[in-house]
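J.: query-v3.cif is the file, holding mmCIF, C-alpha atoms and all ligand atoms:
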data_input
loop_
_atom_site.label_atom_id
_atom_site.label_comp_id
_atom_site.auth_asym_id
_atom_site.auth_seq_id
_atom_site.Cartn_x
_atom_site.Cartn_y
_atom_site.Cartn_z
CA MET A 730 24.70 20.85 26.15
CA THR A 731 21.32 22.60 26.13
CA GLU A 732 18.18 20.63 26.77
CA GLU A 733 17.11 21.16 23.20
CA SER A 734 20.26 19.67 21.68
CA LEU A 735 20.00 16.74 24.08
CA ASN A 736 16.50 16.11 22.81
CA GLN A 737 17.86 16.38 19.31
CA THR A 738 20.57 13.76 20.07
CA GLU A 739 18.00 11.46 21.65
CA ARG A 740 15.68 11.94 18.70
CA LEU A 741 18.44 11.06 16.21
CA ARG A 742 19.37 7.99 18.25
CA LEU A 743 15.78 6.76 18.28
CA GLU A 744 15.40 7.50 14.60
CA LYS A 745 18.55 5.49 13.82
CA GLN A 746 17.29 2.63 15.97
CA TYR A 747 13.89 2.72 14.27
CA ASN A 748 15.46 2.71 10.80
CA GLU A 749 17.69 -0.20 11.74
CA MET A 750 14.69 -2.21 12.96
CA ALA A 751 12.70 -1.34 9.84
CA VAL A 752 15.55 -2.49 7.57
CA LEU A 753 15.93 -5.70 9.60
CA ALA A 754 12.21 -6.45 9.54
CA GLY A 755 11.95 -5.71 5.81
CA GLY A 756 15.02 -7.90 5.14
CA LEU A 757 13.53 -10.73 7.18
CA ALA A 758 10.28 -10.59 5.20
CA HIS A 759 12.28 -10.72 1.94
CA GLU A 760 14.35 -13.66 3.15
CA ILE A 761 11.22 -15.62 4.08
CA ARG A 762 9.43 -14.87 0.83
CA ASN A 763 11.66 -16.90 -1.51
CA PRO A 764 11.81 -20.21 0.42
CA LEU A 765 8.08 -19.88 1.11
CA SER A 766 7.33 -19.55 -2.57
CA THR A 767 9.47 -22.67 -3.28
CA ILE A 768 7.52 -24.58 -0.62
CA HIS A 769 4.24 -23.39 -2.12
CA MET A 770 5.21 -24.35 -5.67
CA ASN A 771 6.31 -27.85 -4.61
CA LEU A 772 3.11 -28.31 -2.63
CA GLU A 773 1.12 -27.56 -5.79
CA LEU A 774 3.10 -30.17 -7.70
CA LEU A 775 2.68 -32.75 -4.93
CA PHE A 776 -1.05 -31.99 -4.80
CA GLU A 777 -1.43 -32.56 -8.54
CA GLU A 778 0.53 -35.83 -8.38
CA ILE A 779 -1.53 -37.22 -5.49
CA GLU A 780 -4.79 -36.13 -7.10
CA GLU A 781 -3.97 -38.34 -10.09
CA SER A 782 -3.15 -41.37 -7.96
CA GLU A 783 -5.66 -44.23 -7.56
CA ASP A 784 -4.51 -45.08 -4.04
CA PRO A 785 -7.18 -44.16 -1.39
CA ALA A 786 -4.48 -43.65 1.28
CA ALA A 787 -2.89 -41.04 -0.93
CA HIS A 788 -6.23 -39.32 -1.26
CA ARG A 789 -6.56 -38.99 2.51
CA MET A 790 -3.40 -36.94 2.37
CA LEU A 791 -5.02 -34.38 0.10
CA ARG A 792 -6.99 -32.72 2.89
CA LYS A 793 -3.88 -32.20 4.99
CA LEU A 794 -2.00 -30.91 2.00
CA LYS A 795 -4.80 -28.46 1.31
CA THR A 796 -4.49 -27.12 4.87
CA ILE A 797 -0.74 -26.61 4.42
CA GLN A 798 -1.38 -24.90 1.09
CA ASP A 799 -3.97 -22.55 2.63
CA GLN A 800 -1.59 -21.62 5.42
CA CYS A 801 1.15 -20.99 2.88
CA GLU A 802 -1.10 -18.58 1.02
CA ASN A 803 -1.98 -16.94 4.29
CA LEU A 804 1.69 -16.42 5.14
CA GLU A 805 2.38 -15.05 1.66
CA GLU A 806 -0.44 -12.51 2.05
CA ILE A 807 0.83 -11.42 5.45
CA LEU A 808 4.36 -11.00 4.09
CA GLU A 809 3.08 -9.01 1.12
CA ALA A 810 1.03 -6.72 3.40
CA PHE A 811 4.03 -6.32 5.67
CA LEU A 812 6.36 -5.36 2.81
CA GLN A 813 3.78 -2.89 1.55
CA PHE A 814 3.61 -1.32 4.99
CA THR A 815 7.38 -0.89 5.19
CA ARG A 816 7.46 0.71 1.72
CA ALA A 817 4.50 3.04 2.28
CA GLY A 818 6.55 6.09 3.25
CA GLU A 819 8.73 6.54 0.14
CA LEU A 820 6.98 8.70 -2.45
CA HIS A 821 7.60 9.01 -6.19
CA LEU A 822 5.48 12.04 -6.95
CA GLU A 823 3.95 13.12 -10.24
CA GLY A 824 1.31 15.73 -11.07
CA VAL A 825 -2.02 13.96 -11.72
CA ASN A 826 -5.78 14.38 -11.58
CA ILE A 827 -6.90 11.94 -8.88
CA ALA A 828 -10.11 11.17 -10.79
CA ASN A 829 -7.98 9.61 -13.54
CA VAL A 830 -6.15 7.45 -11.01
CA VAL A 831 -9.50 6.20 -9.67
CA ARG A 832 -10.72 5.60 -13.23
CA GLU A 833 -7.64 3.51 -14.02
CA PHE A 834 -8.14 1.56 -10.81
CA LEU A 835 -11.79 0.86 -11.68
CA GLU A 836 -10.89 -0.29 -15.17
CA PHE A 837 -8.84 -3.02 -13.56
CA TYR A 838 -11.30 -3.73 -10.70
CA LYS A 839 -14.65 -3.81 -12.53
CA ALA A 840 -14.56 -7.49 -13.55
CA GLU A 841 -13.98 -8.60 -9.97
CA ALA A 842 -16.74 -6.28 -8.69
CA GLU A 843 -19.20 -7.80 -11.14
CA GLU A 844 -18.22 -11.31 -10.13
CA ARG A 845 -18.90 -10.48 -6.47
CA GLY A 846 -22.23 -8.75 -7.04
CA ILE A 847 -20.87 -5.33 -6.15
CA GLU A 848 -22.35 -2.38 -7.99
CA VAL A 849 -19.71 0.32 -8.39
CA ARG A 850 -20.92 3.91 -8.62
CA PRO A 851 -18.18 6.35 -9.52
CA HIS A 852 -18.71 10.11 -9.09
CA LEU A 853 -15.50 11.44 -10.52
CA ARG A 854 -15.11 15.13 -11.30
CA SER A 855 -12.78 15.66 -14.24
CA ASP A 856 -12.14 19.35 -13.54
CA LEU A 857 -10.10 18.78 -10.38
CA PRO A 858 -6.76 20.53 -10.09
CA VAL A 859 -3.62 18.50 -10.66
CA VAL A 860 -1.94 17.35 -7.44
CA GLU A 861 1.39 15.72 -6.70
CA LEU A 862 0.72 12.06 -5.85
CA ASP A 863 2.50 8.74 -5.91
CA VAL A 864 0.16 6.97 -8.34
CA ARG A 865 1.28 3.45 -7.43
CA LEU A 866 0.73 4.08 -3.73
CA ILE A 867 -2.65 5.77 -4.26
CA LYS A 868 -3.73 2.67 -6.19
CA GLN A 869 -2.51 0.64 -3.21
CA VAL A 870 -4.75 2.78 -0.98
CA LEU A 871 -7.71 2.13 -3.30
CA THR A 872 -6.94 -1.61 -3.40
CA ASN A 873 -6.79 -1.89 0.40
CA LEU A 874 -9.96 0.17 1.01
CA VAL A 875 -11.94 -1.55 -1.74
CA GLN A 876 -10.81 -4.96 -0.53
CA ASN A 877 -12.10 -4.13 2.96
CA ALA A 878 -15.38 -2.85 1.49
CA GLN A 879 -15.71 -6.04 -0.53
CA GLN A 880 -15.03 -8.23 2.49
CA ALA A 881 -17.68 -6.25 4.40
CA MET A 882 -20.22 -7.10 1.64
CA PRO A 883 -19.87 -10.87 1.13
CA GLU A 884 -23.36 -10.98 -0.42
CA GLY A 885 -22.63 -8.02 -2.68
CA GLY A 886 -23.71 -4.41 -2.29
CA LEU A 887 -23.05 -0.87 -3.37
CA LEU A 888 -19.63 0.75 -3.59
CA GLU A 889 -19.37 4.48 -4.22
CA LEU A 890 -16.12 6.14 -5.19
CA GLN A 891 -16.20 9.89 -5.15
CA THR A 892 -13.63 12.59 -5.90
CA SER A 893 -14.22 16.29 -5.24
CA GLN A 894 -12.59 19.50 -4.11
CA ARG A 895 -13.15 21.30 -0.81
CA ASP A 896 -11.22 24.58 -0.39
CA ASP A 897 -7.55 23.72 -0.90
CA GLN A 898 -8.08 19.97 -0.45
CA ILE A 899 -8.86 17.15 -2.85
CA ILE A 900 -11.33 14.71 -1.29
CA LEU A 901 -11.56 11.02 -2.08
CA GLU A 902 -14.44 9.06 -0.56
CA ILE A 903 -15.02 5.31 -0.52
CA ILE A 904 -18.48 4.32 0.71
CA ASP A 905 -19.85 0.81 1.13
CA THR A 906 -23.14 -0.73 2.24
CA GLY A 907 -21.42 -3.50 4.16
CA CYS A 908 -21.46 -4.82 7.72
CA GLY A 909 -20.05 -1.64 9.26
CA MET A 910 -17.95 -1.48 12.41
CA SER A 911 -18.58 -1.62 16.13
CA PRO A 912 -17.39 1.41 18.14
CA LYS A 913 -14.51 -0.75 19.43
CA ALA A 914 -13.40 -1.70 15.90
CA LEU A 915 -13.68 1.95 14.81
CA GLU A 916 -11.36 2.92 17.62
CA LYS A 917 -8.78 0.25 16.83
CA MET A 918 -8.91 -0.07 13.05
CA PHE A 919 -5.66 1.84 12.40
CA GLN A 920 -3.64 -0.18 14.91
CA VAL A 921 -1.14 -2.52 13.28
CA PHE A 922 -2.32 -6.14 13.37
CA PHE A 923 -5.86 -5.23 14.48
CA SER A 924 -8.23 -7.46 12.51
CA THR A 925 -11.67 -8.95 13.03
CA LYS A 926 -11.13 -11.43 10.18
CA PRO A 927 -10.00 -15.03 10.72
CA SER A 928 -6.96 -14.61 8.50
CA GLY A 929 -6.66 -10.84 8.23
CA SER A 930 -3.20 -9.27 8.36
CA GLY A 931 -4.45 -6.17 10.16
CA LEU A 932 -2.03 -4.15 8.05
CA GLY A 933 -4.36 -2.84 5.33
CA LEU A 934 -5.58 0.31 7.09
CA PRO A 935 -2.26 1.14 8.82
CA THR A 936 -0.66 1.03 5.34
CA VAL A 937 -3.40 3.26 3.94
CA ARG A 938 -2.92 5.77 6.74
CA LYS A 939 0.86 5.75 6.33
CA ILE A 940 0.54 6.47 2.60
CA VAL A 941 -2.04 9.23 3.12
CA GLU A 942 0.06 10.91 5.81
CA ALA A 943 3.20 10.68 3.66
CA HIS A 944 1.18 12.83 1.20
CA GLN A 945 0.44 15.27 4.06
CA GLY A 946 -3.19 14.16 3.85
CA THR A 947 -5.73 12.96 6.41
CA ILE A 948 -8.10 10.01 6.67
CA GLN A 949 -11.39 9.74 8.55
CA CYS A 950 -14.01 7.05 8.84
CA GLU A 951 -17.68 7.00 9.73
CA SER A 952 -19.30 3.63 10.15
CA GLU A 953 -22.48 2.13 11.45
CA LEU A 954 -23.08 -1.55 12.19
CA ASN A 955 -25.20 -3.29 9.54
CA ARG A 956 -25.38 -0.12 7.45
CA GLY A 957 -21.95 0.52 6.04
CA SER A 958 -18.79 2.56 6.18
CA LYS A 959 -17.44 5.71 4.63
CA PHE A 960 -13.74 6.51 4.38
CA SER A 961 -12.89 10.13 3.58
CA LEU A 962 -9.38 10.99 2.49
CA SER A 963 -8.16 14.50 1.89
CA PHE A 964 -4.99 15.62 0.13
CA PRO A 965 -3.67 19.17 0.12
CA ILE A 966 -3.54 20.69 -3.36
CA HIS A 967 -0.32 22.49 -2.42
CA ARG A 968 2.01 20.39 -0.30
CA LYS A 969 4.10 22.15 2.34
CA GLY A 970 7.71 22.61 1.27
CA HIS A 971 6.82 22.23 -2.45
N1 LIG A 1001 -15.16 -1.13 4.95
C1 LIG A 1001 -15.13 -1.76 6.14
N2 LIG A 1001 -16.29 -2.27 6.67
C2 LIG A 1001 -16.29 -2.90 7.86
N3 LIG A 1001 -15.19 -3.09 8.62
C3 LIG A 1001 -14.02 -2.63 8.15
C4 LIG A 1001 -13.92 -1.94 6.90
N4 LIG A 1001 -12.64 -1.57 6.71
C5 LIG A 1001 -11.95 -2.01 7.79
N5 LIG A 1001 -12.76 -2.65 8.65
C6 LIG A 1001 -12.38 -3.23 9.97
O1 LIG A 1001 -11.05 -2.82 10.28
C7 LIG A 1001 -10.22 -3.97 10.48
C8 LIG A 1001 -8.80 -3.66 10.01
O2 LIG A 1001 -8.73 -3.54 8.60
P1 LIG A 1001 -7.35 -3.82 7.86
O3 LIG A 1001 -6.27 -3.02 8.52
O4 LIG A 1001 -7.53 -3.64 6.41
O5 LIG A 1001 -7.02 -5.34 8.22
P2 LIG A 1001 -7.71 -6.71 7.68
O6 LIG A 1001 -8.54 -6.34 6.46
O7 LIG A 1001 -6.54 -7.59 7.34
O8 LIG A 1001 -8.52 -7.23 8.82
C9 LIG A 1001 -10.92 -5.09 9.73
O9 LIG A 1001 -10.59 -6.36 10.26
C10 LIG A 1001 -12.38 -4.74 9.95
O10 LIG A 1001 -12.82 -5.16 11.23
MG MG A 1002 -7.83 -5.14 4.91
#
For this file, produce the structure as structure tokens.
Ligand SMILES: Nc1ncnc2c1ncn2[C@@H]1O[C@H](COP(=O)(O)OP(=O)(O)O)[C@@H](O)[C@H]1O
Ligand SMILES: [Mg+2]
T.:
Amino acid sequence: MTEESLNQTERLRLEKQYNEMAVLAGGLAHEIRNPLSTIHMNLELLFEEIEESEDPAAHRMLRKLKTIQDQCENLEEILEAFLQFTRAGELHLEGVNIANVVREFLEFYKAEAEERGIEVRPHLRSDLPVVELDVRLIKQVLTNLVQNAQQAMPEGGLLELQTSQRDDQIILEIIDTGCGMSPKALEKMFQVFFSTKPSGSGLGLPTVRKIVEAHQGTIQCESELNRGSKFSLSFPIHRKGH
């Protein structure tokens, strides 16, 4: 056997092992999701029942129940983020103008932005060439990046969403005036489970990067503490092998 075919065998073995682990982990998350949602639903019912009771001892239980409920929600969010991460590599492509995808996203997001005192400034060029994208996953990217921006601006702020073309790339930029990142956070932000938030999953940015790379794109970030952050994503107009 040549060295090259050995490497090939080893590579296939590792790939098989990786796929097996991914299927197992995904399956585990699915299995946990249903019983967790039953627990959560029953907690809500219990909470309502106790709230109506006149008994002061019952009322003391409410605080503990609330803690359990919060942790349930936390677990559900982590599971959801985890499942999104495992699904981020499978693309269902269609030819679209990315500006329209951002517009659709904003249509759905604008009420929440207003509620949180975030001024959204879109700069969306309509004359961009059509590119092959997985619309659902690109909206996932927008959701994750905008959620981070929002969490970085708890008192509100400015959120710019920009689409443009540079040579044979489509550029999508998300800019916030939030808390920014320390050099250490900048270095680690794409690592799975890295989070500076008390109940963050640390899976938002790894999922974003996985989706962008599945589109043969790239992602970069510039950030300054107390000033804000800018995420720049680029997607090739012509994908290799298409
Ligand atoms: N727009 C942003 N402004 C400031 N910090 C950010 C921003 N986006 C990401 N980060 C930092 O990167 C970390 C990882 O982000 P992410 O993977 O989405 O996980 P999570 O949001 O669950 O913490 C965050 O905890 C935060 O420290
Ligand atoms: Mg996040």
J.: Chain A near ligand MG 1002 (chain A) within 8 Å: what's each residue's closest atom pair and its distance in Å to one decimal, counting all atoms listed in the file, ordered by chain then ascending residue number, as CSV?
T.:
residue,atom,partner,partner_atom,distance
A:Asn873,CA,A:MG1002,MG,5.7
A:Leu874,CA,A:MG1002,MG,6.9
A:Gln876,CA,A:MG1002,MG,6.2
A:Asn877,CA,A:MG1002,MG,4.8
A:Ser924,CA,A:MG1002,MG,8.0
A:Gly929,CA,A:MG1002,MG,6.7
A:Ser930,CA,A:MG1002,MG,7.1
A:Gly931,CA,A:MG1002,MG,6.3
A:Leu932,CA,A:MG1002,MG,6.7
A:Gly933,CA,A:MG1002,MG,4.2
A:Leu934,CA,A:MG1002,MG,6.3
J.: Within 10 Å of segment 832-841 of chain A, counting all atoms listed in the file, which residues show up once you throw out same-chain ones fewer than 3 positions away? Write them as a list in words, please.
T.: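 My reading of the contact set: Ile827, Ala828, Asn829, Glu844, Arg845, Gly846, Ile847, Glu848, Val849, Pro851, Leu853, Ile867, Lys868, Gln869, Leu871, Thr872, Val875, Gln879 and Leu890 of chain A.
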J.: Report as a list in words all protein, DNA and RNA residues lying within 7 Å of segment 790-804 of chain A, evaluated on only C-alpha atoms, omitting residues in the same chain fewer than 6 positions from it.
T.: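 Contacts, with the query itself left out: His769, Leu772, Phe776 and Ser928 of chain A.
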J.: At a cut-off of 10 Å around ligand LIG 1001 (chain A), and using all atoms listed in the file, what residues come up? Please write them as a ChimeraX atom specification.
T.: /A:806-807,810,873-882,888,903-911,913-938,950-960
J.: Give me, please, the distance in Å between atom CA of Leu866 of chain A and atom CA of Glu819 of chain A, quoted to one decimal.
T.: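 Pair atom CA of Leu866 of chain A / atom CA of Glu819 of chain A returns 9.2 Å.
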J.: Using atom CA of Asn826 of chain A and atom CA of Val859 of chain A as the two end points, give the distance in Å to one decimal.
T.: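 Atom CA of Val859 of chain A lies 4.7 Å from atom CA of Asn826 of chain A.
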J.: Within 10 Å of Ile779 of chain A, counting only C-alpha atoms, which residues show up once you throw out same-chain ones fewer than 3 positions away? Write them as a PyMOL selection string, please.
T.: chain A and resi 774-776+782-791+794
J.: Just give me the gap between atom CA of Asp897 of chain A and atom CA of Pro965 of chain A in Å, one decimal is fine.
T.: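 Atom CA of Asp897 of chain A sits 6.1 Å away from atom CA of Pro965 of chain A.
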J.: Using all atoms listed in the file, determine which residues lie at most 9 Å from Glu809 of chain A, disregarding the query and same-chain residues fewer than 4 positions distant; provide the list as a list of chain:residue names.
T.: A:Ala758, A:Arg762, A:Leu804, A:Glu805, A:Gln813, A:Phe814
J.: Go ahead and write the residues just picked, C-alpha atoms, as a PDB file, in the coordinates of the input.
T.:
ATOM      1  CA  ALA A 758      10.280 -10.590   5.200  1.00  0.00           C
ATOM      2  CA  ARG A 762       9.430 -14.870   0.830  1.00  0.00           C
ATOM      3  CA  LEU A 804       1.690 -16.420   5.140  1.00  0.00           C
ATOM      4  CA  GLU A 805       2.380 -15.050   1.660  1.00  0.00           C
ATOM      5  CA  GLN A 813       3.780  -2.890   1.550  1.00  0.00           C
ATOM      6  CA  PHE A 814       3.610  -1.320   4.990  1.00  0.00           C
TER       7      PHE A 814
END
J.: Kindly indicate which residue among A:Val860, A:Gln949, A:Thr738, A:Leu812 lies nearest to Leu757 of chain A, using all atoms listed in the file for the distances.
T.: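 So, comparing all the options, the nearest one is A:Leu812.
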